[in-house]
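Student: Below you'll find structure-v9.txt; it's compact mmCIF, C-alpha atoms.
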```
# COMPACT_ATOMS: atom_id res chain seq x y z
CA MET A 1 249.29 180.68 284.27
CA ILE A 2 250.07 180.45 287.99
CA PRO A 3 246.91 180.99 290.12
CA THR A 4 246.57 183.99 292.41
CA ARG A 5 246.79 183.70 296.18
CA ARG A 6 243.16 184.85 296.58
CA THR A 7 241.90 182.21 294.14
CA LEU A 8 243.86 179.49 295.93
CA ILE A 9 242.60 180.50 299.38
CA ALA A 10 239.00 180.35 298.12
CA ALA A 11 239.67 176.98 296.54
CA LEU A 12 241.18 175.63 299.76
CA ALA A 13 237.93 176.40 301.56
CA ALA A 14 235.97 174.49 298.93
CA VAL A 15 238.24 171.43 299.08
CA GLY A 16 237.78 171.32 302.83
CA THR A 17 234.06 170.62 302.44
CA LEU A 18 234.51 167.59 300.20
CA ALA A 19 234.97 164.28 302.01
CA SER A 20 236.49 161.20 300.44
CA LEU A 21 233.85 158.89 299.01
CA THR A 22 236.04 156.22 297.60
CA ALA A 23 237.16 152.96 299.10
CA CYS A 24 240.40 154.65 300.06
CA GLY A 25 241.48 156.15 303.35
CA GLY A 26 244.03 156.01 306.13
CA GLY A 27 246.89 158.06 307.46
CA SER A 28 249.09 160.12 305.20
CA ASP A 29 252.49 158.93 304.04
CA SER A 30 255.39 159.75 306.30
CA SER A 31 257.71 160.69 303.44
CA ASP A 32 258.62 164.29 302.79
CA SER A 33 256.47 166.28 300.40
CA PRO A 34 258.16 166.40 296.97
CA SER A 35 259.32 169.78 295.76
CA GLY A 36 258.81 169.40 292.03
CA ALA A 37 262.29 168.08 291.37
CA SER A 38 263.49 168.42 287.80
CA GLY A 39 265.82 166.41 285.59
CA GLY A 40 265.44 162.66 285.84
CA THR A 41 262.94 162.74 288.73
CA TYR A 42 259.23 163.44 288.38
CA THR A 43 256.76 163.71 291.25
CA PHE A 44 253.43 161.91 291.65
CA TRP A 45 250.82 162.27 294.38
CA ASP A 46 247.92 159.91 295.01
CA PRO A 47 245.23 159.28 297.67
CA TYR A 48 246.19 155.65 298.36
CA PRO A 49 248.32 155.61 301.53
CA GLN A 50 247.16 152.05 302.16
CA PHE A 51 249.35 150.87 299.26
CA ASP A 52 253.10 150.97 299.88
CA ALA A 53 255.93 150.71 297.36
CA SER A 54 255.81 146.90 297.43
CA SER A 55 252.10 146.76 296.49
CA ALA A 56 250.85 146.15 292.96
CA TRP A 57 249.85 149.82 292.75
CA GLY A 58 253.21 151.03 294.06
CA LYS A 59 255.05 148.85 291.53
CA LEU A 60 252.84 150.11 288.69
CA VAL A 61 253.64 153.73 289.53
CA THR A 62 257.37 152.98 289.62
CA GLY A 63 257.09 151.02 286.37
CA CYS A 64 255.28 153.83 284.59
CA GLY A 65 258.11 156.17 285.56
CA THR A 66 260.66 153.72 284.21
CA GLU A 67 258.67 153.35 280.99
CA ALA A 68 258.71 157.15 280.61
CA GLY A 69 262.48 157.18 281.16
CA VAL A 70 262.44 158.89 284.57
CA LYS A 71 262.37 158.12 288.27
CA LEU A 72 258.85 158.72 289.58
CA LYS A 73 258.79 159.82 293.22
CA ARG A 74 255.43 158.90 294.73
CA THR A 75 253.82 160.44 297.83
CA ALA A 76 250.44 159.28 299.17
CA TYR A 77 248.01 161.41 301.20
CA ASP A 78 244.46 161.16 302.50
CA THR A 79 242.05 162.35 299.81
CA THR A 80 241.08 165.69 301.42
CA ASP A 81 244.65 166.31 302.59
CA LEU A 82 245.90 165.79 299.04
CA GLY A 83 243.56 168.44 297.64
CA ASN A 84 244.70 170.98 300.22
CA LYS A 85 248.38 170.21 299.68
CA ALA A 86 247.92 170.50 295.91
CA LEU A 87 246.56 174.01 296.26
CA LEU A 88 249.33 175.05 298.62
CA ALA A 89 252.00 173.53 296.37
CA ALA A 90 250.58 175.43 293.39
CA GLN A 91 250.70 178.64 295.41
CA GLN A 92 254.36 177.97 296.17
CA GLY A 93 255.12 177.02 292.56
CA ASN A 94 256.05 173.39 293.26
CA ALA A 95 252.99 171.34 292.29
CA PRO A 96 253.66 167.66 291.50
CA ASP A 97 254.07 166.67 287.86
CA VAL A 98 251.17 164.20 287.96
CA MET A 99 248.45 163.91 290.56
CA LEU A 100 245.56 161.52 291.18
CA VAL A 101 242.62 163.35 292.80
CA ASP A 102 239.05 162.55 293.91
CA ASN A 103 236.65 163.60 291.16
CA PRO A 104 234.66 166.28 293.06
CA VAL A 105 237.92 168.14 293.73
CA VAL A 106 238.76 168.48 290.03
CA SER A 107 236.44 171.46 289.50
CA THR A 108 237.92 173.24 292.53
CA LEU A 109 241.45 172.75 291.23
CA VAL A 110 240.38 173.93 287.77
CA GLU A 111 238.82 177.07 289.23
CA ALA A 112 242.12 177.71 291.01
CA GLY A 113 243.83 177.49 287.61
CA ILE A 114 246.20 174.66 288.43
CA LEU A 115 245.18 171.82 286.06
CA ASN A 116 245.86 171.35 282.36
CA LYS A 117 243.15 170.31 279.90
CA THR A 118 243.61 166.80 278.54
CA SER A 119 243.14 168.22 275.03
CA ASP A 120 246.06 170.63 275.52
CA LEU A 121 248.23 167.63 276.37
CA SER A 122 246.82 165.56 273.46
CA LEU A 123 245.70 162.82 275.87
CA ASP A 124 243.28 160.40 274.21
CA THR A 125 239.98 160.04 276.14
CA LYS A 126 237.71 158.87 273.30
CA SER A 127 237.17 155.36 274.71
CA ILE A 128 236.16 156.56 278.18
CA GLN A 129 232.50 156.33 279.18
CA LYS A 130 231.03 159.83 278.84
CA ASN A 131 229.35 160.00 282.23
CA ILE A 132 232.54 158.87 283.98
CA ILE A 133 234.78 161.49 282.36
CA GLY A 134 231.93 163.96 282.90
CA ALA A 135 232.82 164.10 286.59
CA GLY A 136 236.09 165.79 285.59
CA THR A 137 234.72 167.90 282.74
CA ILE A 138 234.20 171.63 283.17
CA GLY A 139 232.88 173.79 280.35
CA ASP A 140 233.10 170.94 277.83
CA ALA A 141 236.79 170.40 278.59
CA ALA A 142 238.17 167.37 280.46
CA TYR A 143 240.90 168.07 283.00
CA GLY A 144 242.05 164.54 283.73
CA VAL A 145 241.71 160.88 282.86
CA PRO A 146 239.58 158.71 285.18
CA ILE A 147 241.31 155.66 286.57
CA GLY A 148 238.01 154.01 287.44
CA ALA A 149 234.70 154.63 289.12
CA ASN A 150 232.81 153.39 292.12
CA THR A 151 229.22 154.01 293.07
CA LEU A 152 226.28 152.76 295.10
CA ALA A 153 223.83 149.87 294.87
CA LEU A 154 221.77 147.75 297.27
CA TYR A 155 223.36 144.69 298.82
CA TYR A 156 220.83 142.16 300.08
CA ASN A 157 220.94 139.19 302.42
CA LYS A 158 219.59 136.21 300.46
CA LYS A 159 218.61 134.21 303.56
CA LEU A 160 216.59 137.05 305.10
CA LEU A 161 214.76 137.84 301.88
CA SER A 162 213.95 134.18 301.33
CA ALA A 163 212.66 133.78 304.90
CA ALA A 164 210.37 136.80 304.43
CA GLY A 165 209.11 135.57 301.05
CA VAL A 166 210.69 138.43 299.12
CA ASP A 167 211.99 137.83 295.60
CA PRO A 168 214.77 140.39 294.95
CA ALA A 169 213.73 140.46 291.29
CA SER A 170 210.39 141.94 292.43
CA VAL A 171 212.12 145.10 293.70
CA LYS A 172 211.76 147.37 290.70
CA ASP A 173 210.64 150.74 292.13
CA TRP A 174 210.04 152.51 295.44
CA ASN A 175 206.64 150.92 296.08
CA SER A 176 207.93 147.37 295.60
CA LEU A 177 210.98 148.07 297.76
CA THR A 178 208.83 149.50 300.56
CA ALA A 179 206.50 146.50 300.27
CA ALA A 180 209.52 144.21 300.63
CA LEU A 181 210.67 146.11 303.73
CA LYS A 182 207.21 145.73 305.24
CA LYS A 183 207.31 141.95 304.69
CA ILE A 184 210.77 141.74 306.22
CA LYS A 185 209.72 143.65 309.32
CA SER A 186 206.59 141.48 309.63
CA ALA A 187 208.90 138.44 309.60
CA GLY A 188 210.71 139.90 312.62
CA LYS A 189 213.80 141.05 310.73
CA LYS A 190 215.45 144.41 310.12
CA GLY A 191 214.90 146.20 306.82
CA ILE A 192 217.49 148.55 305.34
CA THR A 193 220.52 150.45 306.55
CA PHE A 194 222.22 153.44 304.92
CA SER A 195 224.23 156.53 305.79
CA ALA A 196 222.41 159.80 306.44
CA ILE A 197 225.22 161.44 308.42
CA ASN A 198 225.69 165.20 308.27
CA THR A 199 228.68 165.07 305.93
CA GLU A 200 229.21 164.57 302.20
CA GLU A 201 228.68 160.85 302.79
CA GLY A 202 225.06 161.57 303.70
CA SER A 203 224.53 163.55 300.50
CA PHE A 204 226.28 160.87 298.45
CA GLN A 205 223.87 158.22 299.77
CA PHE A 206 220.79 160.42 299.41
CA LEU A 207 221.49 161.40 295.80
CA PRO A 208 220.26 158.12 294.19
CA TRP A 209 216.85 158.63 295.78
CA PHE A 210 216.82 162.38 295.03
CA TRP A 211 217.83 161.84 291.41
CA GLY A 212 215.68 158.71 291.21
CA ALA A 213 212.65 160.92 291.82
CA GLY A 214 213.79 163.30 289.08
CA GLY A 215 215.20 165.84 291.53
CA ASP A 216 217.33 168.77 290.38
CA LEU A 217 220.18 169.97 292.63
CA THR A 218 219.42 173.58 291.74
CA LYS A 219 215.86 173.11 293.08
CA LEU A 220 216.25 171.14 296.29
CA ASN A 221 212.71 171.86 297.50
CA SER A 222 210.84 170.73 294.40
CA ALA A 223 208.06 168.16 294.84
CA LYS A 224 210.48 165.54 293.47
CA GLY A 225 213.12 166.29 296.09
CA VAL A 226 210.50 166.28 298.82
CA ALA A 227 209.28 162.86 297.64
CA ALA A 228 212.76 161.39 298.10
CA LEU A 229 213.21 162.78 301.59
CA THR A 230 209.69 161.70 302.52
CA LEU A 231 210.57 158.14 301.46
CA TRP A 232 213.56 158.01 303.81
CA LYS A 233 211.54 159.58 306.64
CA GLN A 234 208.76 157.03 306.13
CA TRP A 235 211.25 154.17 306.41
CA VAL A 236 212.70 155.52 309.66
CA ASP A 237 209.27 156.33 311.12
CA ASP A 238 207.92 152.87 310.24
CA GLY A 239 210.95 151.09 311.64
CA TYR A 240 212.15 149.82 308.26
CA ALA A 241 215.44 151.71 308.75
CA PRO A 242 217.18 152.33 312.11
CA LYS A 243 217.28 155.78 313.67
CA ASP A 244 221.06 155.53 313.83
CA VAL A 245 221.26 156.22 310.08
CA LEU A 246 221.60 159.82 311.28
CA GLN A 247 225.04 158.97 312.67
CA ASN A 248 225.98 156.20 310.23
CA THR A 249 228.97 156.66 308.00
CA GLN A 250 229.17 154.36 305.01
CA THR A 251 231.55 152.21 307.05
CA THR A 252 229.30 151.87 310.11
CA SER A 253 226.30 151.32 307.87
CA TRP A 254 228.20 148.47 306.23
CA GLN A 255 229.09 147.04 309.63
CA GLU A 256 225.36 146.92 310.46
CA PHE A 257 224.59 145.06 307.24
CA ALA A 258 227.52 142.70 307.82
CA THR A 259 225.99 141.51 311.11
CA GLY A 260 223.50 139.57 308.99
CA ASP A 261 220.55 141.25 310.74
CA TYR A 262 219.56 143.57 307.86
CA ALA A 263 217.89 142.55 304.61
CA PHE A 264 219.28 145.47 302.57
CA GLY A 265 222.28 147.76 302.81
CA GLU A 266 223.00 150.73 300.56
CA ASN A 267 226.72 150.76 299.97
CA GLY A 268 229.50 150.87 297.43
CA THR A 269 231.58 148.84 295.06
CA TRP A 270 234.44 149.06 297.54
CA GLN A 271 232.63 146.72 299.98
CA LEU A 272 232.75 143.70 297.64
CA GLY A 273 235.77 142.24 299.42
CA ASN A 274 234.09 142.68 302.80
CA ALA A 275 230.87 141.19 301.44
CA ASP A 276 232.72 138.00 300.55
CA LYS A 277 233.95 137.81 304.15
CA ALA A 278 230.56 138.50 305.76
CA GLY A 279 229.68 134.84 306.20
CA PHE A 280 226.30 134.85 304.45
CA ASP A 281 225.06 134.70 300.89
CA TYR A 282 224.39 138.12 299.40
CA GLY A 283 223.21 139.61 296.15
CA ILE A 284 223.27 143.07 294.59
CA ILE A 285 220.55 145.02 292.84
CA ASN A 286 220.56 148.52 291.43
CA ILE A 287 218.93 151.22 293.52
CA PRO A 288 215.50 151.61 291.94
CA GLY A 289 214.12 154.87 290.65
CA GLN A 290 210.78 156.06 292.02
CA SER A 291 208.85 154.74 289.02
CA GLY A 292 211.22 151.95 288.04
CA GLY A 293 214.53 151.42 286.31
CA PRO A 294 217.95 152.05 287.86
CA ALA A 295 218.20 155.36 289.69
CA PRO A 296 221.06 157.65 288.68
CA VAL A 297 223.79 157.20 291.26
CA PRO A 298 226.73 159.50 292.08
CA THR A 299 230.11 158.68 290.61
CA GLY A 300 233.03 158.15 292.93
CA GLY A 301 236.62 157.60 291.85
CA GLU A 302 239.75 159.49 290.92
CA PHE A 303 241.23 161.31 287.94
CA VAL A 304 244.87 161.33 286.85
CA THR A 305 245.68 165.01 286.29
CA VAL A 306 248.64 167.10 285.17
CA PRO A 307 249.09 170.28 287.24
CA VAL A 308 250.29 173.49 285.63
CA GLN A 309 254.10 173.82 285.65
CA LYS A 310 256.38 176.82 285.03
CA ASP A 311 258.58 174.50 282.96
CA THR A 312 256.15 173.38 280.25
CA GLY A 313 258.85 171.13 278.80
CA ARG A 314 258.00 168.61 281.54
CA TYR A 315 254.57 167.90 280.05
CA ASP A 316 255.79 165.39 277.45
CA VAL A 317 257.00 163.00 280.14
CA SER A 318 253.95 163.68 282.32
CA LYS A 319 251.74 162.69 279.39
CA LYS A 320 253.62 159.40 279.05
CA ILE A 321 253.09 158.68 282.75
CA VAL A 322 249.34 159.40 282.53
CA THR A 323 249.02 157.25 279.41
CA CYS A 324 250.79 154.36 281.13
CA LEU A 325 248.70 154.56 284.31
CA THR A 326 245.41 154.65 282.34
CA SER A 327 246.17 152.13 279.58
CA ASP A 328 243.71 149.24 279.25
CA ALA A 329 246.46 146.78 280.19
CA ASN A 330 247.11 148.57 283.47
CA LEU A 331 243.51 149.58 284.25
CA LEU A 332 242.39 145.96 284.59
CA PRO A 333 244.70 145.00 287.49
CA THR A 334 244.43 148.47 289.06
CA ASP A 335 240.63 148.55 289.08
CA THR A 336 240.55 144.95 290.30
CA THR A 337 242.77 145.95 293.24
CA LEU A 338 240.71 149.07 294.01
CA GLN A 339 237.39 147.28 293.38
CA TYR A 340 236.46 149.99 290.90
CA VAL A 341 234.56 149.72 287.66
CA ALA A 342 236.86 150.56 284.76
CA PRO A 343 236.11 153.70 282.70
CA THR A 344 236.16 151.89 279.34
CA ALA A 345 233.77 149.28 277.96
CA ALA A 346 236.59 146.96 276.92
CA VAL A 347 238.07 146.72 280.41
CA GLN A 348 234.60 146.50 282.01
CA ALA A 349 233.91 143.42 279.88
CA GLU A 350 237.15 141.82 281.06
CA GLN A 351 236.30 142.63 284.68
CA VAL A 352 232.89 140.98 284.46
CA LYS A 353 234.46 137.96 282.77
CA GLN A 354 236.84 137.61 285.72
CA ASN A 355 234.22 138.42 288.38
CA PRO A 356 230.53 138.08 287.39
CA LYS A 357 229.55 139.82 290.67
CA LEU A 358 230.63 143.09 289.06
CA LYS A 359 227.86 142.94 286.43
CA PRO A 360 225.29 144.99 288.43
CA TRP A 361 228.01 147.49 289.29
CA VAL A 362 228.80 148.05 285.62
CA SER A 363 225.15 148.87 284.94
CA ALA A 364 225.04 151.09 288.05
CA VAL A 365 228.08 153.05 286.87
CA ALA A 366 226.48 153.37 283.42
CA ALA A 367 223.58 155.21 285.08
CA ALA A 368 225.85 157.29 287.32
CA ARG A 369 226.34 161.07 287.34
CA GLY A 370 229.17 163.25 288.52
CA ARG A 371 228.20 165.34 291.53
CA THR A 372 229.78 168.43 289.97
CA SER A 373 228.46 167.71 286.46
CA GLY A 374 225.81 169.72 284.65
CA GLY A 375 227.68 172.95 285.15
CA LEU A 376 227.58 172.81 288.97
CA GLY A 377 231.34 172.66 289.45
CA THR A 378 232.38 174.41 292.64
CA LYS A 379 228.75 175.27 293.41
CA TYR A 380 228.18 171.66 294.45
CA PRO A 381 229.53 171.99 298.03
CA THR A 382 227.21 174.97 298.66
CA ILE A 383 224.29 172.74 297.66
CA SER A 384 225.39 169.50 299.28
CA GLN A 385 225.80 170.86 302.80
CA PRO A 386 222.26 172.33 302.99
CA MET A 387 220.97 169.06 301.50
CA TRP A 388 222.55 166.82 304.12
CA THR A 389 221.38 169.26 306.80
CA ALA A 390 217.81 168.91 305.44
CA VAL A 391 218.07 165.11 305.58
CA GLN A 392 219.15 165.36 309.21
CA GLY A 393 216.31 167.73 310.06
CA ALA A 394 213.61 165.60 308.46
CA LEU A 395 214.78 162.22 309.75
CA SER A 396 215.23 163.53 313.28
CA GLY A 397 211.68 164.91 313.19
CA SER A 398 212.69 168.52 313.85
CA LYS A 399 211.30 169.61 310.46
CA SER A 400 208.98 168.24 307.82
CA PRO A 401 210.66 167.18 304.56
CA GLN A 402 209.16 170.22 302.80
CA ASP A 403 210.28 172.70 305.46
CA ALA A 404 213.73 171.12 305.66
CA LEU A 405 214.25 171.39 301.92
CA ASP A 406 212.79 174.89 301.76
CA THR A 407 215.45 175.95 304.26
CA ALA A 408 218.11 174.05 302.30
CA GLN A 409 217.15 175.74 299.03
CA SER A 410 217.27 179.17 300.63
CA SER A 411 220.71 178.41 302.09
CA ALA A 412 222.03 177.03 298.79
CA GLN A 413 220.92 180.16 296.91
CA LYS A 414 222.81 182.34 299.39
CA GLY A 415 225.89 180.16 298.93
```
Could you write out this structure as structure tokens?

Tutor:
Amino acid sequence: MIPTRRTLIAALAAVGTLASLTACGGGSDSSDSPSGASGGTYTFWDPYPQFDASSAWGKLVTGCGTEAGVKLKRTAYDTTDLGNKALLAAQQGNAPDVMLVDNPVVSTLVEAGILNKTSDLSLDTKSIQKNIIGAGTIGDAAYGVPIGANTLALYYNKKLLSAAGVDPASVKDWNSLTAALKKIKSAGKKGITFSAINTEEGSFQFLPWFWGAGGDLTKLNSAKGVAALTLWKQWVDDGYAPKDVLQNTQTTSWQEFATGDYAFGENGTWQLGNADKAGFDYGIINIPGQSGGPAPVPTGGEFVTVPVQKDTGRYDVSKKIVTCLTSDANLLPTDTTLQYVAPTAAVQAEQVKQNPKLKPWVSAVAAARGRTSGGLGTKYPTISQPMWTAVQGALSGSKSPQDALDTAQSSAQKG
């Protein structure tokens, strides 16, 4: 079924609110947009403009086309740009045959009626970790196959913690983390940096603390949500976190941590390569829940999807392409390149064997949640924006955490 113009216009507005939260980014490819060519050529879109045809990823895409017996024409776009172009292409009846999209966008594309269920294509997803595929599951049906996942944890500077007498193993909950930050400040060092910017990145970074307190996205102003925002405000007010977290993106927050002046930095799997270049010894611990244990963290990463086509006879080849791209043999090098955690236990084990530094990331991903999971779907953007606005209001001091979240809840209900 081809989606209606009204549905697509509404979906375009939703995609526009979702920022890219993966390690990927950059300018869009200069090649012409494919027009859904038939015959021996199939079209594939992805959000990896940083990888050209000569890269390992580019060669894998070409190879999967060859394996399926066709020429696979690849076009790369920025993540948000890709979502918008997908909706417009569907409206014009020339969607690509296969498309790799950021997981929060899946629900928007499903609502617009332009993605096939994996079950309808007989794609096997049994080995995929349930919470990872959950980010692309709507109404108990999966609409794509995850290529990998990234998420958040706490990087720490071993030298600074040692100098302040802080054992990273002692950081097990919010109280012990705050106590560690107090020691670090007393030793004349800087505590923790994160991103609280007024975009999806701010919500993405706040969610582990919100969920770690037991918060529910349908009740932003519950006592649990207020506790999480109060924690961040306390850190800023006490000088444990810098006031510039209000403007920090995840990139600028990382740059602060990489100076070597901060003891902790909340950031993602995608910074592992940069961490190795930082020039100081670092470690990684899971973000702690309020009362202990790893906090649930939001899942980042992309899904390989098959858009709806007028010519349903194309699906057999599209299925072969998806199967090739997401096979265990190909996931290992792909997720190593992208610095993602694989979606299957077997490949995760191989990743950790190759790089033991990934072990805490595997456990972090195991505790992760999809932002659109739990039936939220396209409601998530109407909740996320009021939430990041509340974080801004509380940390800037213009509102108390309770008042800020009361306003956010009222706004989310209207949305």

Student: My list of candidates is A:Ala263, A:Cys64, A:Leu82, A:Leu395. Which is closest to Ser162 in chain A when distances are computed with all atoms listed in the file?

Tutor: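 Closest residue, counting all atoms listed in the file: A:Ala263.
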
Student: With distances taken over all atoms listed in the file, which of A:Ser400, A:Gly375, A:Thr251, A:Gln50 is nearest to Thr218 in chain A?

Tutor: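 For Thr218 in chain A, the nearest of the candidates is A:Gly375.
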
Student: Between CA of Gln271 in chain A and CA of Trp209 in chain A, what is the distance in Å, rounded to a tenth?

Tutor: 20.2 Å

Student: Report the distance between CA of Gln234 in chain A and CA of Leu246 in chain A in Å, rounded to one decimal place.

Tutor: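 Straight-line distance from CA of Gln234 in chain A to CA of Leu246 in chain A works out to 14.1 Å.
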
Student: Could you check the closest approach to Tyr340 in chain A for each of A:Ala149, A:Ala53, A:Ile132, A:Ala68 and tell me which residue wins, using all atoms listed in the file?

Tutor: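 Using all atoms listed in the file, Tyr340 in chain A sits closest to A:Ala149.
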
Student: Please determine an axis-aligned box that encloses all atoms of range 235-246 of chain A listed in the file, with 4 Å added on each side, and express its centre and edge lengths in Å to one decimal as JSON.

Tutor:
```
{"center_x": 214.8, "center_y": 154.8, "center_z": 310.1, "size_x": 21.7, "size_y": 18.0, "size_z": 15.4}
```

Student: My list of candidates is A:Val171, A:Val306, A:Leu220, A:Val110. Which is closest to Ile383 in chain A when distances are computed with all atoms listed in the file?

Tutor: A:Leu220

Student: Could you jot down the CA of Phe194 in chain A to CA of Gly265 in chain A separation for me, Å, one decimal place?

Tutor: 6.1 Å

Student: Which residue out of A:Pro296, A:Gly136, A:Gly191, A:Gly148 has the minimum interatomic distance to Gln205 in chain A when all atoms listed in the file are used?

Tutor: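 Closest residue, counting all atoms listed in the file: A:Pro296.
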
Student: Would you mind telling me which residue in A:Lys126, A:Lys233, A:Lys310, A:Lys73 lies nearest to Gly397 in chain A when using all atoms listed in the file?

Tutor: A:Lys233

Student: Extract, using all atoms listed in the file, all DNA, RNA and protein residues at most 10 Å from Thr326 in chain A, discarding same-chain residues fewer than 4 positions from it, and format them as an MDAnalysis selection string.

Tutor: chainID A and resid 125 145:148 303:304 321:322 330:332 334 342:343

Student: Based on the selection just made, write C-alpha atoms of those residues as a compact mmCIF listing (two decimals), in the frame of the given file.

Tutor:
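Generated file (part_30.txt):
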```txt
# COMPACT_ATOMS: atom_id res chain seq x y z
CA THR A 125 239.98 160.04 276.14
CA VAL A 145 241.71 160.88 282.86
CA PRO A 146 239.58 158.71 285.18
CA ILE A 147 241.31 155.66 286.57
CA GLY A 148 238.01 154.01 287.44
CA PHE A 303 241.23 161.31 287.94
CA VAL A 304 244.87 161.33 286.85
CA ILE A 321 253.09 158.68 282.75
CA VAL A 322 249.34 159.40 282.53
CA ASN A 330 247.11 148.57 283.47
CA LEU A 331 243.51 149.58 284.25
CA LEU A 332 242.39 145.96 284.59
CA THR A 334 244.43 148.47 289.06
CA ALA A 342 236.86 150.56 284.76
CA PRO A 343 236.11 153.70 282.70
```

Student: Which neighbours of Lys277 in chain A fall inside 12 Å, counting only C-alpha atoms, when residues of the same chain fewer than 3 positions from it are skipped, and could you give them as a PDB file with C-alpha atoms, in the coordinates of the input?

Tutor:
```pdb
ATOM      1  CA  GLN A 255     229.090 147.040 309.630  1.00  0.00           C
ATOM      2  CA  ALA A 258     227.520 142.700 307.820  1.00  0.00           C
ATOM      3  CA  THR A 259     225.990 141.510 311.110  1.00  0.00           C
ATOM      4  CA  GLY A 260     223.500 139.570 308.990  1.00  0.00           C
ATOM      5  CA  GLN A 271     232.630 146.720 299.980  1.00  0.00           C
ATOM      6  CA  LEU A 272     232.750 143.700 297.640  1.00  0.00           C
ATOM      7  CA  GLY A 273     235.770 142.240 299.420  1.00  0.00           C
ATOM      8  CA  ASN A 274     234.090 142.680 302.800  1.00  0.00           C
ATOM      9  CA  PHE A 280     226.300 134.850 304.450  1.00  0.00           C
ATOM     10  CA  ASP A 281     225.060 134.700 300.890  1.00  0.00           C
ATOM     11  CA  TYR A 282     224.390 138.120 299.400  1.00  0.00           C
TER      12      TYR A 282
END
```

Student: Fewer than 3 positions away in the same chain doesn't count, so skip those; otherwise give me all residues within 9 Å of range 404-412 of chain A, counting all atoms listed in the file, as a list of chain:residue names.

Tutor: A:Thr218, A:Lys219, A:Leu220, A:Asn221, A:Ser222, A:Gly225, A:Val226, A:Leu229, A:Lys379, A:Thr382, A:Ile383, A:Ser384, A:Gln385, A:Pro386, A:Met387, A:Trp388, A:Thr389, A:Ala390, A:Val391, A:Gln392, A:Gly393, A:Ala394, A:Ser398, A:Lys399, A:Ser400, A:Pro401, A:Gly415

Student: Need the shell around Ile197 in chain A: protein/DNA/RNA residues with any atom at most 6 Å away, counting all atoms listed in the file. Skip same-chain ones fewer than 5 positions apart. Format as a list in words?

Tutor: Gly202, Leu246, Gln247 and Asn248 of chain A
